[in-house]
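Raw contents of coords-v3.pdb, PDB, C-alpha atoms:
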```pdb
ATOM      1  CA  MET A   1      61.379  90.967  79.395
ATOM      2  CA  SER A   2      59.843  89.107  82.315
ATOM      3  CA  ILE A   3      61.734  85.923  83.117
ATOM      4  CA  GLY A   4      59.804  83.983  85.732
ATOM      5  CA  ARG A   5      59.613  80.460  87.103
ATOM      6  CA  SER A   6      55.886  80.085  87.361
ATOM      7  CA  GLY A   7      55.428  78.978  83.751
ATOM      8  CA  GLU A   8      52.621  81.502  83.227
ATOM      9  CA  SER A   9      52.772  84.686  81.225
ATOM     10  CA  THR A  10      52.601  87.932  83.153
ATOM     11  CA  SER A  11      51.244  91.347  82.408
ATOM     12  CA  ARG A  12      54.773  92.756  82.502
ATOM     13  CA  GLY A  13      55.854  91.092  79.289
ATOM     14  CA  ILE A  14      56.977  87.795  77.874
ATOM     15  CA  GLU A  15      59.319  85.127  79.168
ATOM     16  CA  VAL A  16      62.155  83.167  77.607
ATOM     17  CA  ARG A  17      59.833  80.157  77.379
ATOM     18  CA  HIS A  18      57.706  82.077  74.862
ATOM     19  CA  LEU A  19      60.756  82.563  72.657
ATOM     20  CA  ARG A  20      61.805  78.922  73.012
ATOM     21  CA  ALA A  21      58.332  77.774  72.014
ATOM     22  CA  PHE A  22      58.301  80.043  68.964
ATOM     23  CA  LEU A  23      61.768  78.895  67.875
ATOM     24  CA  ALA A  24      60.770  75.246  68.259
ATOM     25  CA  VAL A  25      57.678  75.775  66.094
ATOM     26  CA  ALA A  26      59.746  77.721  63.543
ATOM     27  CA  ASP A  27      62.331  74.944  63.317
ATOM     28  CA  GLU A  28      59.927  72.004  63.246
ATOM     29  CA  GLY A  29      57.185  73.572  61.123
ATOM     30  CA  ASN A  30      54.707  71.640  63.240
ATOM     31  CA  VAL A  31      53.259  72.272  66.704
ATOM     32  CA  THR A  32      53.116  68.581  67.598
ATOM     33  CA  ARG A  33      56.828  68.031  66.884
ATOM     34  CA  ALA A  34      57.706  71.281  68.634
ATOM     35  CA  ALA A  35      55.783  70.126  71.708
ATOM     36  CA  ALA A  36      57.611  66.788  71.714
ATOM     37  CA  ARG A  37      60.949  68.576  71.452
ATOM     38  CA  LEU A  38      60.060  70.880  74.358
ATOM     39  CA  ARG A  39      58.456  68.025  76.330
ATOM     40  CA  LEU A  40      55.212  69.954  76.574
ATOM     41  CA  THR A  41      51.670  69.290  75.407
ATOM     42  CA  GLN A  42      50.529  70.561  72.038
ATOM     43  CA  PRO A  43      47.863  72.867  73.584
ATOM     44  CA  ALA A  44      50.492  74.371  75.893
ATOM     45  CA  VAL A  45      52.773  75.235  72.961
ATOM     46  CA  SER A  46      49.848  76.659  70.966
ATOM     47  CA  ARG A  47      48.803  78.849  73.906
ATOM     48  CA  THR A  48      52.362  80.053  74.458
ATOM     49  CA  LEU A  49      52.778  80.972  70.802
ATOM     50  CA  ALA A  50      49.432  82.758  70.735
ATOM     51  CA  ALA A  51      50.368  84.712  73.871
ATOM     52  CA  LEU A  52      53.607  85.828  72.253
ATOM     53  CA  GLU A  53      51.773  86.983  69.130
ATOM     54  CA  ARG A  54      49.236  88.902  71.213
ATOM     55  CA  HIS A  55      52.000  90.607  73.147
ATOM     56  CA  LEU A  56      53.838  91.626  69.983
ATOM     57  CA  GLY A  57      50.678  92.529  68.115
ATOM     58  CA  ILE A  58      51.776  90.651  64.994
ATOM     59  CA  ARG A  59      51.201  87.244  63.439
ATOM     60  CA  LEU A  60      54.410  85.191  63.524
ATOM     61  CA  VAL A  61      53.177  81.913  62.062
ATOM     62  CA  ASP A  62      50.918  81.240  59.090
ATOM     63  CA  ARG A  63      48.547  78.493  60.199
ATOM     64  CA  SER A  64      46.658  78.228  56.901
ATOM     65  CA  THR A  65      48.466  75.052  55.812
ATOM     66  CA  HIS A  66      49.205  71.730  57.501
ATOM     67  CA  HIS A  67      52.932  72.553  57.515
ATOM     68  CA  LEU A  68      53.256  75.789  59.458
ATOM     69  CA  ALA A  69      55.296  78.562  57.869
ATOM     70  CA  LEU A  70      56.678  81.784  59.264
ATOM     71  CA  THR A  71      55.140  85.048  58.175
ATOM     72  CA  PRO A  72      57.556  87.753  56.946
ATOM     73  CA  GLU A  73      57.361  89.262  60.436
ATOM     74  CA  GLY A  74      58.078  85.836  61.906
ATOM     75  CA  VAL A  75      61.215  85.461  59.795
ATOM     76  CA  VAL A  76      62.562  88.783  61.116
ATOM     77  CA  PHE A  77      61.592  87.975  64.698
ATOM     78  CA  ARG A  78      63.266  84.559  64.525
ATOM     79  CA  ASP A  79      66.725  86.141  64.350
ATOM     80  CA  LYS A  80      65.929  88.397  67.297
ATOM     81  CA  ALA A  81      64.540  85.529  69.345
ATOM     82  CA  THR A  82      67.563  83.346  68.608
ATOM     83  CA  ALA A  83      69.937  86.097  69.733
ATOM     84  CA  ALA A  84      67.903  86.792  72.869
ATOM     85  CA  VAL A  85      67.768  83.144  73.961
ATOM     86  CA  ALA A  86      71.471  82.647  73.291
ATOM     87  CA  ALA A  87      72.349  85.755  75.311
ATOM     88  CA  PHE A  88      70.104  84.622  78.160
ATOM     89  CA  ASP A  89      71.651  81.144  78.255
ATOM     90  CA  GLU A  90      75.144  82.591  78.284
ATOM     91  CA  ALA A  91      74.305  85.020  81.086
ATOM     92  CA  LEU A  92      73.207  82.189  83.385
ATOM     93  CA  ASP A  93      76.802  81.055  83.916
ATOM     94  CA  SER A  94      79.159  83.479  82.248
ATOM     95  CA  GLY A  95      81.982  82.641  84.650
ATOM     96  CA  GLY A  96      81.984  78.886  84.145
ATOM     97  CA  LEU A  97      80.859  78.804  80.528
ATOM     98  CA  ARG A  98      84.321  78.301  79.102
ATOM     99  CA  HIS A  99      84.522  74.910  80.766
ATOM    100  CA  TRP A 100      81.151  73.754  79.499
ATOM    101  CA  PRO A 101      81.367  71.220  76.662
ATOM    102  CA  LEU A 102      81.730  72.824  73.253
ATOM    103  CA  ARG A 103      79.151  71.086  71.053
ATOM    104  CA  LEU A 104      80.223  70.600  67.432
ATOM    105  CA  GLY A 105      77.488  69.319  65.145
ATOM    106  CA  HIS A 106      77.755  67.547  61.817
ATOM    107  CA  ALA A 107      75.204  66.015  59.482
ATOM    108  CA  TRP A 108      77.099  62.918  58.352
ATOM    109  CA  SER A 109      80.877  63.032  57.793
ATOM    110  CA  ALA A 110      82.198  65.364  60.473
ATOM    111  CA  PHE A 111      85.533  66.955  59.474
ATOM    112  CA  GLY A 112      86.371  64.238  56.975
ATOM    113  CA  PRO A 113      90.047  63.162  57.122
ATOM    114  CA  TYR A 114      90.758  65.895  59.658
ATOM    115  CA  THR A 115      88.281  64.658  62.279
ATOM    116  CA  THR A 116      90.701  62.648  64.395
ATOM    117  CA  PRO A 117      93.543  65.209  64.225
ATOM    118  CA  LEU A 118      91.115  67.942  65.303
ATOM    119  CA  LEU A 119      89.769  65.991  68.277
ATOM    120  CA  ARG A 120      93.227  64.910  69.450
ATOM    121  CA  ARG A 121      94.756  68.356  69.128
ATOM    122  CA  TRP A 122      91.812  69.944  70.943
ATOM    123  CA  GLN A 123      92.208  67.515  73.840
ATOM    124  CA  GLU A 124      95.894  68.407  74.067
ATOM    125  CA  LEU A 125      95.348  72.170  74.068
ATOM    126  CA  TYR A 126      92.044  72.543  75.904
ATOM    127  CA  PRO A 127      91.610  69.547  78.234
ATOM    128  CA  ARG A 128      89.227  71.442  80.524
ATOM    129  CA  THR A 129      86.768  72.169  77.700
ATOM    130  CA  PRO A 130      85.355  68.936  76.258
ATOM    131  CA  LEU A 131      84.717  69.020  72.507
ATOM    132  CA  GLU A 132      81.575  66.980  71.834
ATOM    133  CA  LEU A 133      81.050  65.813  68.251
ATOM    134  CA  LEU A 134      77.324  65.318  67.625
ATOM    135  CA  ARG A 135      75.700  63.906  64.493
ATOM    136  CA  ILE A 136      72.340  65.603  63.891
ATOM    137  CA  ASP A 137      70.338  64.878  60.741
ATOM    138  CA  ASP A 138      69.548  68.451  59.828
ATOM    139  CA  ARG A 139      70.819  70.767  57.096
ATOM    140  CA  THR A 140      72.604  72.907  59.698
ATOM    141  CA  ALA A 141      73.373  69.964  62.045
ATOM    142  CA  GLY A 142      71.274  71.477  64.815
ATOM    143  CA  LEU A 143      72.948  74.884  64.707
ATOM    144  CA  THR A 144      69.868  76.980  63.920
ATOM    145  CA  ARG A 145      67.924  75.072  66.574
ATOM    146  CA  GLY A 146      70.486  75.879  69.254
ATOM    147  CA  GLU A 147      71.432  72.228  69.794
ATOM    148  CA  VAL A 148      75.129  72.867  69.066
ATOM    149  CA  ASP A 149      77.560  75.759  69.354
ATOM    150  CA  ALA A 150      79.129  75.280  65.916
ATOM    151  CA  ALA A 151      78.695  72.906  63.003
ATOM    152  CA  LEU A 152      80.717  71.300  60.242
ATOM    153  CA  LEU A 153      78.600  71.654  57.114
ATOM    154  CA  ARG A 154      78.936  70.813  53.436
ATOM    155  CA  GLY A 155      77.778  72.810  50.473
ATOM    156  CA  PRO A 156      76.240  76.274  50.524
ATOM    157  CA  VAL A 157      74.005  76.846  53.520
ATOM    158  CA  GLU A 158      71.435  79.616  53.406
ATOM    159  CA  ALA A 159      70.120  80.162  56.921
ATOM    160  CA  PRO A 160      69.555  83.480  58.658
ATOM    161  CA  GLY A 161      71.813  84.421  61.526
ATOM    162  CA  LEU A 162      74.741  82.159  60.617
ATOM    163  CA  VAL A 163      78.320  82.926  59.650
ATOM    164  CA  ALA A 164      80.451  80.288  57.961
ATOM    165  CA  GLU A 165      84.016  79.843  56.766
ATOM    166  CA  VAL A 166      85.131  77.436  54.054
ATOM    167  CA  LEU A 167      88.002  75.335  55.404
ATOM    168  CA  PHE A 168      88.636  72.958  52.509
ATOM    169  CA  GLU A 169      87.052  71.396  49.434
ATOM    170  CA  GLU A 170      86.167  67.736  48.949
ATOM    171  CA  ASP A 171      85.878  65.793  45.725
ATOM    172  CA  ARG A 172      82.602  64.032  45.029
ATOM    173  CA  VAL A 173      82.143  60.284  44.749
ATOM    174  CA  ALA A 174      79.384  58.086  43.373
ATOM    175  CA  ALA A 175      77.867  55.502  45.694
ATOM    176  CA  VAL A 176      76.541  52.414  43.891
ATOM    177  CA  ALA A 177      75.394  48.930  44.814
ATOM    178  CA  ALA A 178      78.451  46.763  45.426
ATOM    179  CA  ASP A 179      77.018  43.922  43.329
ATOM    180  CA  GLY A 180      75.800  46.147  40.489
ATOM    181  CA  PRO A 181      77.438  46.780  37.087
ATOM    182  CA  LEU A 182      78.587  50.293  37.969
ATOM    183  CA  ALA A 183      80.761  48.900  40.747
ATOM    184  CA  ASP A 184      82.939  47.246  38.104
ATOM    185  CA  ARG A 185      84.104  50.681  36.919
ATOM    186  CA  THR A 186      87.155  52.326  38.490
ATOM    187  CA  ALA A 187      85.678  55.816  38.059
ATOM    188  CA  LEU A 188      82.418  57.326  36.848
ATOM    189  CA  ARG A 189      81.021  60.462  35.261
ATOM    190  CA  LEU A 190      77.707  62.205  35.770
ATOM    191  CA  THR A 191      76.445  60.920  32.425
ATOM    192  CA  ASP A 192      77.034  57.356  33.628
ATOM    193  CA  LEU A 193      74.514  57.969  36.387
ATOM    194  CA  ALA A 194      71.878  59.937  34.492
ATOM    195  CA  ALA A 195      69.808  56.886  33.574
ATOM    196  CA  GLU A 196      69.719  55.668  37.196
ATOM    197  CA  THR A 197      67.360  56.468  40.053
ATOM    198  CA  VAL A 198      69.159  58.942  42.297
ATOM    199  CA  VAL A 199      68.753  58.579  46.054
ATOM    200  CA  LEU A 200      68.555  62.044  47.608
ATOM    201  CA  ASN A 201      68.884  62.873  51.284
ATOM    202  CA  THR A 202      66.591  65.895  51.337
ATOM    203  CA  VAL A 203      67.074  66.613  55.044
ATOM    204  CA  SER A 204      70.837  66.940  55.441
ATOM    205  CA  GLY A 205      72.356  66.056  52.060
ATOM    206  CA  THR A 206      73.905  68.374  49.492
ATOM    207  CA  THR A 207      73.077  66.582  46.239
ATOM    208  CA  THR A 208      70.133  67.560  44.027
ATOM    209  CA  VAL A 209      69.349  66.856  40.369
ATOM    210  CA  ASP A 210      70.766  70.313  39.628
ATOM    211  CA  LEU A 211      74.204  68.698  39.871
ATOM    212  CA  TRP A 212      73.631  67.258  36.387
ATOM    213  CA  PRO A 213      73.560  69.320  33.156
ATOM    214  CA  THR A 214      70.066  70.465  32.252
ATOM    215  CA  ASP A 215      69.974  68.225  29.189
ATOM    216  CA  ALA A 216      71.107  65.101  31.055
ATOM    217  CA  ARG A 217      69.367  65.133  34.402
ATOM    218  CA  PRO A 218      68.053  61.966  36.029
ATOM    219  CA  THR A 219      64.288  61.695  35.808
ATOM    220  CA  ALA A 220      63.822  59.267  38.687
ATOM    221  CA  THR A 221      64.627  60.095  42.308
ATOM    222  CA  LEU A 222      64.110  58.454  45.682
ATOM    223  CA  THR A 223      64.102  60.692  48.756
ATOM    224  CA  VAL A 224      65.330  59.677  52.208
ATOM    225  CA  ALA A 225      65.778  61.560  55.475
ATOM    226  CA  ASN A 226      69.227  60.530  56.710
ATOM    227  CA  THR A 227      72.531  58.936  55.771
ATOM    228  CA  ASP A 228      71.620  55.500  57.128
ATOM    229  CA  ASP A 229      68.514  55.255  54.932
ATOM    230  CA  TRP A 230      70.553  56.599  52.004
ATOM    231  CA  LEU A 231      73.076  53.778  52.356
ATOM    232  CA  THR A 232      70.393  51.142  52.815
ATOM    233  CA  ALA A 233      68.573  52.197  49.643
ATOM    234  CA  ILE A 234      71.766  52.131  47.570
ATOM    235  CA  ALA A 235      72.876  48.766  48.953
ATOM    236  CA  ALA A 236      69.458  47.340  48.087
ATOM    237  CA  GLY A 237      69.882  48.425  44.467
ATOM    238  CA  ARG A 238      67.069  50.957  44.612
ATOM    239  CA  GLY A 239      69.267  53.719  43.203
ATOM    240  CA  ILE A 240      72.665  55.408  43.218
ATOM    241  CA  GLY A 241      73.951  58.313  45.269
ATOM    242  CA  VAL A 242      76.443  61.143  45.080
ATOM    243  CA  SER A 243      78.290  62.463  48.117
ATOM    244  CA  ALA A 244      81.512  64.031  49.337
ATOM    245  CA  ALA A 245      84.618  61.856  49.323
ATOM    246  CA  SER A 246      84.867  61.602  53.111
ATOM    247  CA  THR A 247      81.577  59.689  53.159
ATOM    248  CA  ALA A 248      83.461  56.671  51.828
ATOM    249  CA  ASP A 249      85.761  56.708  54.878
ATOM    250  CA  MET A 250      83.233  57.753  57.506
ATOM    251  CA  HIS A 251      80.404  55.500  56.296
ATOM    252  CA  PRO A 252      81.764  52.258  54.778
ATOM    253  CA  HIS A 253      79.040  49.743  53.918
ATOM    254  CA  SER A 254      79.451  46.180  52.694
ATOM    255  CA  GLY A 255      76.688  46.676  50.148
ATOM    256  CA  VAL A 256      77.920  50.021  48.783
ATOM    257  CA  ALA A 257      80.881  50.733  46.500
ATOM    258  CA  TYR A 258      82.258  54.263  46.249
ATOM    259  CA  ARG A 259      83.820  55.381  42.979
ATOM    260  CA  PRO A 260      85.469  58.718  42.058
ATOM    261  CA  LEU A 261      83.137  61.035  40.147
ATOM    262  CA  LEU A 262      85.456  62.698  37.679
ATOM    263  CA  ASP A 263      83.413  65.608  36.348
ATOM    264  CA  ALA A 264      81.412  66.732  39.393
ATOM    265  CA  PRO A 265      82.299  69.979  41.177
ATOM    266  CA  SER A 266      83.888  69.736  44.607
ATOM    267  CA  VAL A 267      81.976  70.270  47.846
ATOM    268  CA  PRO A 268      83.032  73.046  50.242
ATOM    269  CA  VAL A 269      83.360  72.033  53.892
ATOM    270  CA  LEU A 270      82.413  74.856  56.225
ATOM    271  CA  LEU A 271      82.673  75.638  59.908
ATOM    272  CA  ALA A 272      79.534  77.564  60.808
ATOM    273  CA  ARG A 273      78.346  79.321  63.953
ATOM    274  CA  ARG A 274      75.588  81.705  64.938
ATOM    275  CA  ASP A 275      76.166  85.416  64.445
ATOM    276  CA  VAL A 276      75.610  86.124  68.138
ATOM    277  CA  PRO A 277      77.805  85.812  71.241
ATOM    278  CA  GLY A 278      78.278  82.137  71.994
ATOM    279  CA  HIS A 279      80.626  79.720  73.741
ATOM    280  CA  PRO A 280      83.828  81.642  74.550
ATOM    281  CA  ALA A 281      85.972  78.796  73.182
ATOM    282  CA  LEU A 282      84.535  79.202  69.671
ATOM    283  CA  PRO A 283      87.400  81.425  68.431
ATOM    284  CA  ASP A 284      89.836  78.729  69.580
ATOM    285  CA  LEU A 285      87.898  76.105  67.616
ATOM    286  CA  VAL A 286      87.921  78.189  64.443
ATOM    287  CA  ALA A 287      91.656  78.816  64.714
ATOM    288  CA  LEU A 288      92.446  75.190  65.475
ATOM    289  CA  ALA A 289      90.316  73.913  62.592
ATOM    290  CA  ARG A 290      92.294  76.120  60.202
ATOM    291  CA  GLU A 291      95.572  74.900  61.708
ATOM    292  CA  VAL A 292      94.620  71.217  61.436
ATOM    293  CA  VAL A 293      93.732  71.582  57.769
ATOM    294  CA  GLU A 294      96.976  73.406  56.999
ATOM    295  CA  ARG A 295      99.087  70.830  58.842
ATOM    296  CA  ASN A 296      97.430  67.738  57.428
ATOM    297  CA  ALA A 297      96.389  68.805  53.913
ATOM    298  CA  GLY A 298      99.449  67.297  52.286
ATOM    299  CA  GLY A 299      98.861  63.863  53.748
ATOM    300  CA  GLY A 300      95.063  63.767  53.274
TER     301      GLY A 300
END
```
Please go through the file and, once you have read it, give me the structure as structure tokens.
Amino acid sequence: MSIGRSGESTSRGIEVRHLRAFLAVADEGNVTRAAARLRLTQPAVSRTLAALERHLGIRLVDRSTHHLALTPEGVVFRDKATAAVAAFDEALDSGGLRHWPLRLGHAWSAFGPYTTPLLRRWQELYPRTPLELLRIDDRTAGLTRGEVDAALLRGPVEAPGLVAEVLFEEDRVAAVAADGPLADRTALRLTDLAAETVVLNTVSGTTTVDLWPTDARPTATLTVANTDDWLTAIAAGRGIGVSAASTADMHPHSGVAYRPLLDAPSVPVLLARRDVPGHPALPDLVALAREVVERNAGGG
């Protein structure tokens, strides 16, 4: 692979920038957004992607629809490109990498009740490796896009090239308008919510109408793109929501009341990372996360 500084493709092969452009398009599903993410022009990203496809002799992206989609060959190549870029980035500073910040992504509620114990214990044990907690509104909290080294995720996550470990389970709660009739109840069941409009965070949330029995599913939904909009819609009385219990602690809102949801299945909380060599402190993070849960589980 040719890795140059000129910014132009060479006859000897492709450069890392070609892979980064392809991965940005694959993640965003849109050349314009990919260009903004890479801080390039849209024509430049399109040319780079086309050059990569010509070099490989295969079509990676289906351009027949407004929302770009990967071809079957593109899906396979995405894993290879992700591994190649990660290996390249690590090779740039393999000696000092351990002291780079370890970026831990989350979509909305971090590590729940174990967030503070994890951060404090990490600082005690590994003061030379900062642990950066980053909220990213994405189903994998930026992990598949390479924005973080590991991620705290909720619910099953189906993404190629990731490995995940369930660390604990969280109960579900209902989120309702604080001045609405449902807030007067001390606890709720799924059937109590079936007649309501359900606010669904389709970008990073875990709740879908499949949570309800097939014969009692809500017929009205309102979709939002992040936790802040989710809370705003519920507080305004536009619908109700369902989330993991830690949301009540991590995202209190004067207009939202959280109530236990007695008959909903729990939500698994996972620590996920890419299935390629990454930050050398990742094994320490995995081990410490397990330890924190074991030590603090009794006290919540």
Near stretch 274-281 of chain A, within 12 Å and counting only C-alpha atoms, which residues show up once chain neighbours fewer than 6 positions away are dropped, as an mmCIF file with C-alpha atoms, keeping the file's coordinate frame?
```cif
data_model
loop_
_atom_site.group_PDB
_atom_site.id
_atom_site.type_symbol
_atom_site.label_atom_id
_atom_site.label_comp_id
_atom_site.auth_asym_id
_atom_site.auth_seq_id
_atom_site.Cartn_x
_atom_site.Cartn_y
_atom_site.Cartn_z
ATOM 1 C CA ASP A 79 66.725 86.141 64.350
ATOM 2 C CA LYS A 80 65.929 88.397 67.297
ATOM 3 C CA ALA A 81 64.540 85.529 69.345
ATOM 4 C CA THR A 82 67.563 83.346 68.608
ATOM 5 C CA ALA A 83 69.937 86.097 69.733
ATOM 6 C CA ALA A 84 67.903 86.792 72.869
ATOM 7 C CA VAL A 85 67.768 83.144 73.961
ATOM 8 C CA ALA A 86 71.471 82.647 73.291
ATOM 9 C CA ALA A 87 72.349 85.755 75.311
ATOM 10 C CA PHE A 88 70.104 84.622 78.160
ATOM 11 C CA ASP A 89 71.651 81.144 78.255
ATOM 12 C CA GLU A 90 75.144 82.591 78.284
ATOM 13 C CA ALA A 91 74.305 85.020 81.086
ATOM 14 C CA ASP A 93 76.802 81.055 83.916
ATOM 15 C CA SER A 94 79.159 83.479 82.248
ATOM 16 C CA GLY A 95 81.982 82.641 84.650
ATOM 17 C CA GLY A 96 81.984 78.886 84.145
ATOM 18 C CA LEU A 97 80.859 78.804 80.528
ATOM 19 C CA ARG A 98 84.321 78.301 79.102
ATOM 20 C CA HIS A 99 84.522 74.910 80.766
ATOM 21 C CA TRP A 100 81.151 73.754 79.499
ATOM 22 C CA PRO A 101 81.367 71.220 76.662
ATOM 23 C CA LEU A 102 81.730 72.824 73.253
ATOM 24 C CA ARG A 103 79.151 71.086 71.053
ATOM 25 C CA LEU A 104 80.223 70.600 67.432
ATOM 26 C CA TRP A 122 91.812 69.944 70.943
ATOM 27 C CA LEU A 125 95.348 72.170 74.068
ATOM 28 C CA TYR A 126 92.044 72.543 75.904
ATOM 29 C CA PRO A 127 91.610 69.547 78.234
ATOM 30 C CA ARG A 128 89.227 71.442 80.524
ATOM 31 C CA THR A 129 86.768 72.169 77.700
ATOM 32 C CA PRO A 130 85.355 68.936 76.258
ATOM 33 C CA LEU A 131 84.717 69.020 72.507
ATOM 34 C CA THR A 140 72.604 72.907 59.698
ATOM 35 C CA GLY A 142 71.274 71.477 64.815
ATOM 36 C CA LEU A 143 72.948 74.884 64.707
ATOM 37 C CA THR A 144 69.868 76.980 63.920
ATOM 38 C CA ARG A 145 67.924 75.072 66.574
ATOM 39 C CA GLY A 146 70.486 75.879 69.254
ATOM 40 C CA GLU A 147 71.432 72.228 69.794
ATOM 41 C CA VAL A 148 75.129 72.867 69.066
ATOM 42 C CA ASP A 149 77.560 75.759 69.354
ATOM 43 C CA ALA A 150 79.129 75.280 65.916
ATOM 44 C CA ALA A 151 78.695 72.906 63.003
ATOM 45 C CA ALA A 159 70.120 80.162 56.921
ATOM 46 C CA PRO A 160 69.555 83.480 58.658
ATOM 47 C CA GLY A 161 71.813 84.421 61.526
ATOM 48 C CA LEU A 162 74.741 82.159 60.617
ATOM 49 C CA VAL A 163 78.320 82.926 59.650
ATOM 50 C CA ALA A 164 80.451 80.288 57.961
ATOM 51 C CA GLU A 165 84.016 79.843 56.766
ATOM 52 C CA ALA A 287 91.656 78.816 64.714
ATOM 53 C CA LEU A 288 92.446 75.190 65.475
#
```
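If you measure from each of A:Arg135, A:Arg121, A:Thr202, A:Tyr258 to A:Leu182 using all atoms listed in the file, the closest one turns out to be A:Tyr258.
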Coordinates-based distance that separates atom CA of A:Pro181 from atom CA of A:Asp249 (Å, one decimal) = 22.0 Å
Reference answer for the PyMOL selection byres ((chain A and resi 289-294) around 10), as a compact mmCIF listing (two decimals) with C-alpha atoms, in the coordinates of the input:
```txt
# COMPACT_ATOMS: atom_id res chain seq x y z
CA PHE A 111 85.53 66.96 59.47
CA PRO A 113 90.05 63.16 57.12
CA TYR A 114 90.76 65.90 59.66
CA THR A 115 88.28 64.66 62.28
CA THR A 116 90.70 62.65 64.40
CA PRO A 117 93.54 65.21 64.22
CA LEU A 118 91.12 67.94 65.30
CA LEU A 119 89.77 65.99 68.28
CA ARG A 121 94.76 68.36 69.13
CA TRP A 122 91.81 69.94 70.94
CA GLU A 165 84.02 79.84 56.77
CA VAL A 166 85.13 77.44 54.05
CA LEU A 167 88.00 75.33 55.40
CA PHE A 168 88.64 72.96 52.51
CA LEU A 271 82.67 75.64 59.91
CA PRO A 283 87.40 81.42 68.43
CA ASP A 284 89.84 78.73 69.58
CA LEU A 285 87.90 76.10 67.62
CA VAL A 286 87.92 78.19 64.44
CA ALA A 287 91.66 78.82 64.71
CA LEU A 288 92.45 75.19 65.47
CA ARG A 295 99.09 70.83 58.84
CA ASN A 296 97.43 67.74 57.43
CA ALA A 297 96.39 68.81 53.91
CA GLY A 298 99.45 67.30 52.29
CA GLY A 300 95.06 63.77 53.27
```
Nearest to A:Leu134, restricted to all atoms listed in the file and choosing among A:Gly57, A:Gly155, A:Gly105, A:Gly74, comes out as A:Gly105
Show which residues sit within 12 Å of A:Arg63, as a count of residues only. Count only C-alpha atoms, and ignore same-chain residues fewer than 2 positions away.
-> 18
